[in-house]
Amino acid sequence: MNSKNINICILDYGSGNVMSVLNAFLSLGYNATISNQNNIIINSSHIVLPGVGSYGSSMEKLKKKLDISIIQKQVHEIKKPFLGICVGMQLLSDFGNEFKNTKGLGWIQGHVDKINTKKKLPHIGWNKIKILKNSKLLDKINDKMYFYFVHSYRYNCKNEKNIIANTEYDSFFPSIINLKNIFGVQFHPEKSQKAGLLLLKNFIENTL
């Protein structure tokens, strides 16, 4: 793929480790911009939704800072590759139960609630993924690789076919989900060193 045709828009809505995500893409040699401007979103080839913080607060900021109808058109009609990271993945659900019930984007059927575990929360640090099916994101990635997690809530997919990989923390939770051109990862690829950069590269190179 010609890197000149790649323009990654990292959505800027005041909730996410956007500089780390930007630096990860720049280190891979791609054009990337942090923005909430409609013209940048429309002219992008790939859209990334990072996320740090609570579900409700993030969704509120998303609606305030971004024109969601523009993003939906780019993703659902034009079919641009979309990647949600951590809370950015969770916002793809129908609703979340963090502190209060909050309506999400509703792009991949399911809901978000607290991880069922007796272990300490948040689930923080390095953990492996259990790959359930092939995915464009997982070229040269295997079950022995570790990714970096920081979260207390999990995505409950309504349809198991949308779950690409699980991760175990007492119980299993979806760590990679997918529906058509929409992808979500519960971990932070931008903090996951070589494995994370490989996944981001696969997202850019393999999804158009």
# chains A, B, ... in the order shown; residues from 1 in each chain; ligands from 1
>>> closest_atom_pairs(of="range 15-77 of chain A", to="range 196-200 of chain A", cutoff="12 Å", atoms="only C-alpha atoms", output="Markdown table")
| residue | atom | partner | partner_atom | distance |
| --- | --- | --- | --- | --- |
| A:Ser20 | CA | A:Leu197 | CA | 11.5 |
| A:Val21 | CA | A:Leu200 | CA | 9.6 |
| A:Leu22 | CA | A:Leu200 | CA | 11.1 |
| A:Asn23 | CA | A:Leu197 | CA | 10.6 |
| A:Ala24 | CA | A:Leu197 | CA | 6.8 |
| A:Phe25 | CA | A:Leu200 | CA | 7.4 |
| A:Leu26 | CA | A:Leu197 | CA | 10.6 |
| A:Ser27 | CA | A:Leu197 | CA | 8.8 |
| A:Leu28 | CA | A:Leu197 | CA | 7.6 |
| A:Gly29 | CA | A:Leu197 | CA | 11.3 |
| A:Tyr30 | CA | A:Leu200 | CA | 10.6 |
| A:His46 | CA | A:Leu200 | CA | 11.2 |
| A:Ile47 | CA | A:Leu200 | CA | 11.9 |
| A:Val48 | CA | A:Leu200 | CA | 10.3 |
>>> residues_around(residues="range 83-100 of chain A", least_positions_apart="2", cutoff="6 Å", atoms="only C-alpha atoms", output="JSON list (two decimals) with C-alpha atoms, in the first residue's frame")
[["chain", "number", "residue", "atom", "x", "y", "z"],
["A", 48, "VAL", "CA", -9.17, 5.72, 15.30],
["A", 49, "LEU", "CA", -11.14, 6.28, 18.51],
["A", 50, "PRO", "CA", -8.86, 6.13, 21.58],
["A", 51, "GLY", "CA", -10.25, 6.18, 25.08],
["A", 52, "VAL", "CA", -9.18, 6.64, 28.69],
["A", 102, "THR", "CA", -25.33, 5.25, 29.25],
["A", 103, "LYS", "CA", -26.26, 4.73, 25.63],
["A", 104, "GLY", "CA", -23.32, 3.98, 23.36],
["A", 105, "LEU", "CA", -22.78, 4.13, 19.60],
["A", 106, "GLY", "CA", -24.53, 0.80, 19.04],
["A", 107, "TRP", "CA", -22.23, -0.29, 16.20],
["A", 108, "ILE", "CA", -21.50, -3.81, 17.52],
["A", 109, "GLN", "CA", -24.33, -5.34, 19.54],
["A", 110, "GLY", "CA", -23.58, -5.80, 23.24],
["A", 111, "HIS", "CA", -23.19, -3.97, 26.52],
["A", 112, "VAL", "CA", -20.40, -3.08, 28.93],
["A", 113, "ASP", "CA", -20.31, -3.98, 32.62],
["A", 183, "PHE", "CA", -12.53, -3.17, 14.92],
["A", 184, "GLY", "CA", -12.10, -2.79, 18.66],
["A", 185, "VAL", "CA", -9.28, -3.74, 21.03],
["A", 186, "GLN", "CA", -9.60, -3.66, 24.82],
["A", 187, "PHE", "CA", -5.84, -3.29, 25.34]]
>>> select_by_dssp(residues="range 9-120 of chain A", states="helix (DSSP H, G or I)", output="JSON, numbers by chain")
{"A": [18, 19, 20, 21, 22, 23, 24, 25, 26, 27, 38, 39, 40, 41, 42, 55, 56, 57, 58, 59, 60, 61, 62, 63, 64, 65, 68, 69, 70, 71, 72, 73, 74, 75, 76, 77, 87, 88, 89, 90]}
>>> residues_around(residues="Gly53 in chain A", least_positions_apart="5", cutoff="8 Å", atoms="only C-alpha atoms", output="PyMOL selection string")
chain A and resi 15-16+58+87
>>> write_last_selection(atoms="C-alpha atoms", output="compact mmCIF listing (two decimals), in the first residue's frame")
# COMPACT_ATOMS: atom_id res chain seq x y z
CA SER A 15 -10.75 11.41 26.34
CA GLY A 16 -7.81 9.35 25.25
CA SER A 58 -16.29 9.55 27.32
CA VAL A 87 -12.88 2.75 26.20
>>> atom_distance(atom1="CA of Lys191 in chain A", atom2="CA of Leu138 in chain A")
17.0 Å
>>> closest_atom_pairs(of="range 108-140 of chain A", to="range 147-170 of chain A", cutoff="6 Å", atoms="only C-alpha atoms", output="tab-separated table")
residue	atom	partner	partner_atom	distance
A:Gln109	CA	A:Lys158	CA	5.5
A:Gly110	CA	A:Cys157	CA	4.3
A:His111	CA	A:Asn156	CA	5.3
A:Val112	CA	A:Tyr155	CA	4.6
A:Asp113	CA	A:Tyr153	CA	5.3
A:Lys114	CA	A:Tyr153	CA	4.1
A:Ile115	CA	A:Tyr153	CA	5.1
A:Thr117	CA	A:Asp170	CA	5.5
A:Leu121	CA	A:Ser152	CA	5.6
A:Pro122	CA	A:Ser152	CA	4.4
A:His123	CA	A:His151	CA	5.4
A:Ile124	CA	A:Val150	CA	4.4
A:Gly125	CA	A:Phe149	CA	5.3
A:Trp126	CA	A:Tyr148	CA	4.6
A:Asn127	CA	A:Phe147	CA	5.6
A:Ile129	CA	A:Thr167	CA	4.8
A:Lys130	CA	A:Asn166	CA	5.0
A:Ile131	CA	A:Ala165	CA	4.3
A:Leu132	CA	A:Ala165	CA	5.2
A:Lys133	CA	A:Ile164	CA	5.4
>>> atom_distance(atom1="CA of Ile78 in chain A", atom2="CA of Ile141 in chain A")
28.2 Å
>>> closest_residue(among="A:Ser192, A:Asn43, A:Ser69, A:Asn101", to="Tyr55 in chain A", atoms="only C-alpha atoms")
A:Asn101
>>> residues_around(residues="Phe203 in chain A", least_positions_apart="2", cutoff="8 Å", atoms="only C-alpha atoms", output="list in words")
Pro81, Leu83, Lys136, Leu137, Leu199, Leu200, Lys201, Glu205, Asn206 and Thr207 of chain A
>>> write_last_selection(atoms="N, CA and C atoms", output="short mmCIF file (atom, residue, chain, number, x, y, z; two decimals), in the first residue's frame")
data_model
loop_
_atom_site.label_atom_id
_atom_site.label_comp_id
_atom_site.auth_asym_id
_atom_site.auth_seq_id
_atom_site.Cartn_x
_atom_site.Cartn_y
_atom_site.Cartn_z
N PRO A 81 -12.00 1.93 7.39
CA PRO A 81 -11.58 1.15 8.55
C PRO A 81 -11.61 1.99 9.82
N LEU A 83 -11.01 1.86 14.16
CA LEU A 83 -10.44 1.12 15.30
C LEU A 83 -10.75 1.85 16.60
N LYS A 136 -7.85 -9.84 9.97
CA LYS A 136 -6.88 -8.99 9.29
C LYS A 136 -5.94 -8.31 10.28
N LEU A 137 -6.39 -8.14 11.50
CA LEU A 137 -5.55 -7.49 12.53
C LEU A 137 -4.43 -8.38 13.03
N LEU A 199 0.08 -4.86 15.37
CA LEU A 199 -1.37 -4.83 15.22
C LEU A 199 -1.81 -3.53 14.53
N LEU A 200 -1.23 -2.40 14.92
CA LEU A 200 -1.58 -1.13 14.29
C LEU A 200 -1.20 -1.14 12.81
N LYS A 201 -0.05 -1.71 12.51
CA LYS A 201 0.38 -1.84 11.11
C LYS A 201 -0.61 -2.69 10.32
N GLU A 205 -2.55 -1.59 7.00
CA GLU A 205 -2.18 -2.24 5.75
C GLU A 205 -3.21 -3.24 5.23
N ASN A 206 -3.97 -3.86 6.13
CA ASN A 206 -4.78 -5.02 5.74
C ASN A 206 -6.28 -4.77 5.67
N THR A 207 -6.73 -3.57 6.00
CA THR A 207 -8.18 -3.38 6.15
C THR A 207 -8.84 -2.61 5.03
#
>>> residues_around(residues="Met145 in chain A", least_positions_apart="2", cutoff="6 Å", atoms="only C-alpha atoms", output="number ranges by chain")
A: 128, 142-143
>>> closest_residue(among="A:Ser45, A:Gly56, A:Ile34, A:Ile40", to="Asn7 in chain A", atoms="only C-alpha atoms")
A:Ser45
>>> closest_residue(among="A:Lys73, A:Lys80, A:Lys63, A:Lys180", to="Ser44 in chain A", atoms="only C-alpha atoms")
A:Lys80
>>> atom_distance(atom1="CA of Glu60 in chain A", atom2="CA of Asn38 in chain A")
18.3 Å
>>> select_by_dssp(residues="range 21-184 of chain A", states="strand (DSSP E)", output="count of residues only")
59
>>> decode(residues="range 2-146 of chain A", atoms="C-alpha atoms", output="PDB file, in the first residue's frame")
ATOM      1  CA  ASN A   2       1.270   3.479  -0.884  1.00  0.00           C
ATOM      2  CA  SER A   3       1.755   5.336   2.390  1.00  0.00           C
ATOM      3  CA  LYS A   4       0.907   8.591   0.565  1.00  0.00           C
ATOM      4  CA  ASN A   5      -2.692   7.379   0.329  1.00  0.00           C
ATOM      5  CA  ILE A   6      -2.917   6.857   4.099  1.00  0.00           C
ATOM      6  CA  ASN A   7      -4.300   9.624   6.280  1.00  0.00           C
ATOM      7  CA  ILE A   8      -5.176   8.451   9.778  1.00  0.00           C
ATOM      8  CA  CYS A   9      -7.542  10.581  11.832  1.00  0.00           C
ATOM      9  CA  ILE A  10      -7.214  10.047  15.583  1.00  0.00           C
ATOM     10  CA  LEU A  11     -10.458  11.442  16.969  1.00  0.00           C
ATOM     11  CA  ASP A  12      -9.857  14.249  19.457  1.00  0.00           C
ATOM     12  CA  TYR A  13     -12.656  14.478  22.023  1.00  0.00           C
ATOM     13  CA  GLY A  14     -10.743  15.048  25.251  1.00  0.00           C
ATOM     14  CA  SER A  15     -10.746  11.410  26.339  1.00  0.00           C
ATOM     15  CA  GLY A  16      -7.812   9.346  25.253  1.00  0.00           C
ATOM     16  CA  ASN A  17      -4.069   8.925  25.212  1.00  0.00           C
ATOM     17  CA  VAL A  18      -3.989  10.610  21.826  1.00  0.00           C
ATOM     18  CA  MET A  19      -0.319  11.608  21.762  1.00  0.00           C
ATOM     19  CA  SER A  20       0.845   8.040  22.424  1.00  0.00           C
ATOM     20  CA  VAL A  21      -1.442   6.779  19.655  1.00  0.00           C
ATOM     21  CA  LEU A  22      -0.181   9.477  17.285  1.00  0.00           C
ATOM     22  CA  ASN A  23       3.460   8.692  18.076  1.00  0.00           C
ATOM     23  CA  ALA A  24       2.854   4.983  17.472  1.00  0.00           C
ATOM     24  CA  PHE A  25       1.520   5.626  13.965  1.00  0.00           C
ATOM     25  CA  LEU A  26       4.247   8.162  13.202  1.00  0.00           C
ATOM     26  CA  SER A  27       6.907   5.662  14.291  1.00  0.00           C
ATOM     27  CA  LEU A  28       5.481   3.276  11.698  1.00  0.00           C
ATOM     28  CA  GLY A  29       5.896   5.944   9.001  1.00  0.00           C
ATOM     29  CA  TYR A  30       2.227   6.809   8.458  1.00  0.00           C
ATOM     30  CA  ASN A  31       0.517  10.160   8.106  1.00  0.00           C
ATOM     31  CA  ALA A  32      -1.645  10.709  11.180  1.00  0.00           C
ATOM     32  CA  THR A  33      -3.501  13.688  12.647  1.00  0.00           C
ATOM     33  CA  ILE A  34      -5.295  14.306  15.947  1.00  0.00           C
ATOM     34  CA  SER A  35      -8.487  16.161  15.080  1.00  0.00           C
ATOM     35  CA  ASN A  36     -12.208  16.702  15.654  1.00  0.00           C
ATOM     36  CA  GLN A  37     -12.624  18.695  12.438  1.00  0.00           C
ATOM     37  CA  ASN A  38     -15.123  17.325   9.919  1.00  0.00           C
ATOM     38  CA  ASN A  39     -12.916  18.009   6.881  1.00  0.00           C
ATOM     39  CA  ILE A  40     -10.043  16.030   8.401  1.00  0.00           C
ATOM     40  CA  ILE A  41     -12.375  13.137   9.249  1.00  0.00           C
ATOM     41  CA  ILE A  42     -13.914  13.185   5.750  1.00  0.00           C
ATOM     42  CA  ASN A  43     -10.491  13.212   4.054  1.00  0.00           C
ATOM     43  CA  SER A  44      -9.064  10.418   6.207  1.00  0.00           C
ATOM     44  CA  SER A  45      -8.457   6.857   5.052  1.00  0.00           C
ATOM     45  CA  HIS A  46      -8.642   5.342   8.572  1.00  0.00           C
ATOM     46  CA  ILE A  47     -10.353   6.518  11.770  1.00  0.00           C
ATOM     47  CA  VAL A  48      -9.169   5.715  15.296  1.00  0.00           C
ATOM     48  CA  LEU A  49     -11.141   6.282  18.512  1.00  0.00           C
ATOM     49  CA  PRO A  50      -8.856   6.125  21.576  1.00  0.00           C
ATOM     50  CA  GLY A  51     -10.251   6.179  25.081  1.00  0.00           C
ATOM     51  CA  VAL A  52      -9.178   6.643  28.689  1.00  0.00           C
ATOM     52  CA  GLY A  53     -11.666   7.195  31.501  1.00  0.00           C
ATOM     53  CA  SER A  54     -15.253   6.209  32.229  1.00  0.00           C
ATOM     54  CA  TYR A  55     -17.835   5.094  29.673  1.00  0.00           C
ATOM     55  CA  GLY A  56     -20.389   7.798  30.501  1.00  0.00           C
ATOM     56  CA  SER A  57     -17.918  10.680  30.564  1.00  0.00           C
ATOM     57  CA  SER A  58     -16.294   9.547  27.323  1.00  0.00           C
ATOM     58  CA  MET A  59     -19.628   9.220  25.531  1.00  0.00           C
ATOM     59  CA  GLU A  60     -20.687  12.669  26.724  1.00  0.00           C
ATOM     60  CA  LYS A  61     -17.458  14.222  25.449  1.00  0.00           C
ATOM     61  CA  LEU A  62     -17.762  12.342  22.154  1.00  0.00           C
ATOM     62  CA  LYS A  63     -21.217  13.802  21.487  1.00  0.00           C
ATOM     63  CA  LYS A  64     -20.091  17.281  22.527  1.00  0.00           C
ATOM     64  CA  LYS A  65     -16.813  17.476  20.614  1.00  0.00           C
ATOM     65  CA  LEU A  66     -17.575  15.494  17.440  1.00  0.00           C
ATOM     66  CA  ASP A  67     -20.250  15.337  14.766  1.00  0.00           C
ATOM     67  CA  ILE A  68     -21.163  11.682  15.183  1.00  0.00           C
ATOM     68  CA  SER A  69     -23.330  11.696  12.042  1.00  0.00           C
ATOM     69  CA  ILE A  70     -20.256  12.565   9.952  1.00  0.00           C
ATOM     70  CA  ILE A  71     -18.271   9.734  11.525  1.00  0.00           C
ATOM     71  CA  GLN A  72     -21.130   7.274  11.037  1.00  0.00           C
ATOM     72  CA  LYS A  73     -21.317   8.145   7.353  1.00  0.00           C
ATOM     73  CA  GLN A  74     -17.581   7.585   6.925  1.00  0.00           C
ATOM     74  CA  VAL A  75     -17.735   4.236   8.739  1.00  0.00           C
ATOM     75  CA  HIS A  76     -21.102   2.791   7.688  1.00  0.00           C
ATOM     76  CA  GLU A  77     -21.594   4.207   4.174  1.00  0.00           C
ATOM     77  CA  ILE A  78     -18.070   4.827   2.885  1.00  0.00           C
ATOM     78  CA  LYS A  79     -16.760   1.822   4.876  1.00  0.00           C
ATOM     79  CA  LYS A  80     -13.550   3.362   6.144  1.00  0.00           C
ATOM     80  CA  PRO A  81     -11.582   1.146   8.550  1.00  0.00           C
ATOM     81  CA  PHE A  82     -12.332   2.127  12.153  1.00  0.00           C
ATOM     82  CA  LEU A  83     -10.438   1.124  15.296  1.00  0.00           C
ATOM     83  CA  GLY A  84     -11.675   1.675  18.852  1.00  0.00           C
ATOM     84  CA  ILE A  85      -9.056   1.414  21.617  1.00  0.00           C
ATOM     85  CA  CYS A  86      -9.890   0.540  25.261  1.00  0.00           C
ATOM     86  CA  VAL A  87     -12.885   2.745  26.198  1.00  0.00           C
ATOM     87  CA  GLY A  88     -13.018   3.608  22.490  1.00  0.00           C
ATOM     88  CA  MET A  89     -13.831  -0.063  21.884  1.00  0.00           C
ATOM     89  CA  GLN A  90     -16.396  -0.122  24.694  1.00  0.00           C
ATOM     90  CA  LEU A  91     -18.271   2.843  23.202  1.00  0.00           C
ATOM     91  CA  LEU A  92     -19.077   0.669  20.163  1.00  0.00           C
ATOM     92  CA  SER A  93     -21.634  -1.146  22.352  1.00  0.00           C
ATOM     93  CA  ASP A  94     -25.353  -0.450  22.777  1.00  0.00           C
ATOM     94  CA  PHE A  95     -24.918   0.764  26.343  1.00  0.00           C
ATOM     95  CA  GLY A  96     -22.568   0.774  29.301  1.00  0.00           C
ATOM     96  CA  ASN A  97     -23.208   0.279  33.016  1.00  0.00           C
ATOM     97  CA  GLU A  98     -20.252   2.181  34.472  1.00  0.00           C
ATOM     98  CA  PHE A  99     -21.653   4.330  37.330  1.00  0.00           C
ATOM     99  CA  LYS A 100     -24.889   4.787  35.372  1.00  0.00           C
ATOM    100  CA  ASN A 101     -26.590   3.336  32.295  1.00  0.00           C
ATOM    101  CA  THR A 102     -25.327   5.249  29.252  1.00  0.00           C
ATOM    102  CA  LYS A 103     -26.263   4.730  25.629  1.00  0.00           C
ATOM    103  CA  GLY A 104     -23.315   3.975  23.357  1.00  0.00           C
ATOM    104  CA  LEU A 105     -22.779   4.133  19.600  1.00  0.00           C
ATOM    105  CA  GLY A 106     -24.534   0.802  19.040  1.00  0.00           C
ATOM    106  CA  TRP A 107     -22.231  -0.292  16.203  1.00  0.00           C
ATOM    107  CA  ILE A 108     -21.499  -3.809  17.522  1.00  0.00           C
ATOM    108  CA  GLN A 109     -24.326  -5.340  19.540  1.00  0.00           C
ATOM    109  CA  GLY A 110     -23.576  -5.798  23.236  1.00  0.00           C
ATOM    110  CA  HIS A 111     -23.188  -3.966  26.517  1.00  0.00           C
ATOM    111  CA  VAL A 112     -20.404  -3.078  28.933  1.00  0.00           C
ATOM    112  CA  ASP A 113     -20.313  -3.984  32.623  1.00  0.00           C
ATOM    113  CA  LYS A 114     -17.777  -4.692  35.356  1.00  0.00           C
ATOM    114  CA  ILE A 115     -15.323  -7.590  34.980  1.00  0.00           C
ATOM    115  CA  ASN A 116     -16.490 -10.614  36.959  1.00  0.00           C
ATOM    116  CA  THR A 117     -13.434 -11.344  39.096  1.00  0.00           C
ATOM    117  CA  LYS A 118     -12.233 -11.698  42.671  1.00  0.00           C
ATOM    118  CA  LYS A 119      -8.884 -10.288  41.607  1.00  0.00           C
ATOM    119  CA  LYS A 120      -7.893  -6.675  42.025  1.00  0.00           C
ATOM    120  CA  LEU A 121      -9.436  -4.126  39.667  1.00  0.00           C
ATOM    121  CA  PRO A 122      -8.511  -2.451  37.465  1.00  0.00           C
ATOM    122  CA  HIS A 123      -7.007  -5.265  35.416  1.00  0.00           C
ATOM    123  CA  ILE A 124      -3.707  -3.576  34.726  1.00  0.00           C
ATOM    124  CA  GLY A 125      -0.534  -4.769  33.046  1.00  0.00           C
ATOM    125  CA  TRP A 126       0.524  -7.348  30.490  1.00  0.00           C
ATOM    126  CA  ASN A 127      -1.728 -10.224  29.457  1.00  0.00           C
ATOM    127  CA  LYS A 128      -2.105 -12.599  26.533  1.00  0.00           C
ATOM    128  CA  ILE A 129      -4.917 -12.934  24.040  1.00  0.00           C
ATOM    129  CA  LYS A 130      -6.590 -16.199  23.032  1.00  0.00           C
ATOM    130  CA  ILE A 131      -7.254 -16.025  19.304  1.00  0.00           C
ATOM    131  CA  LEU A 132     -10.650 -17.472  18.371  1.00  0.00           C
ATOM    132  CA  LYS A 133     -10.703 -16.784  14.641  1.00  0.00           C
ATOM    133  CA  ASN A 134      -8.613 -15.359  11.850  1.00  0.00           C
ATOM    134  CA  SER A 135      -8.572 -11.599  11.434  1.00  0.00           C
ATOM    135  CA  LYS A 136      -6.883  -8.987   9.288  1.00  0.00           C
ATOM    136  CA  LEU A 137      -5.553  -7.491  12.526  1.00  0.00           C
ATOM    137  CA  LEU A 138      -3.689 -10.635  13.518  1.00  0.00           C
ATOM    138  CA  ASP A 139      -1.246 -11.197  10.667  1.00  0.00           C
ATOM    139  CA  LYS A 140       1.987 -12.495  12.315  1.00  0.00           C
ATOM    140  CA  ILE A 141       0.386 -12.193  15.782  1.00  0.00           C
ATOM    141  CA  ASN A 142      -0.046 -15.290  17.955  1.00  0.00           C
ATOM    142  CA  ASP A 143      -1.349 -16.389  21.357  1.00  0.00           C
ATOM    143  CA  LYS A 144       2.093 -16.091  22.956  1.00  0.00           C
ATOM    144  CA  MET A 145       2.272 -12.316  22.520  1.00  0.00           C
ATOM    145  CA  TYR A 146       1.432  -9.976  25.379  1.00  0.00           C
TER     146      TYR A 146
END
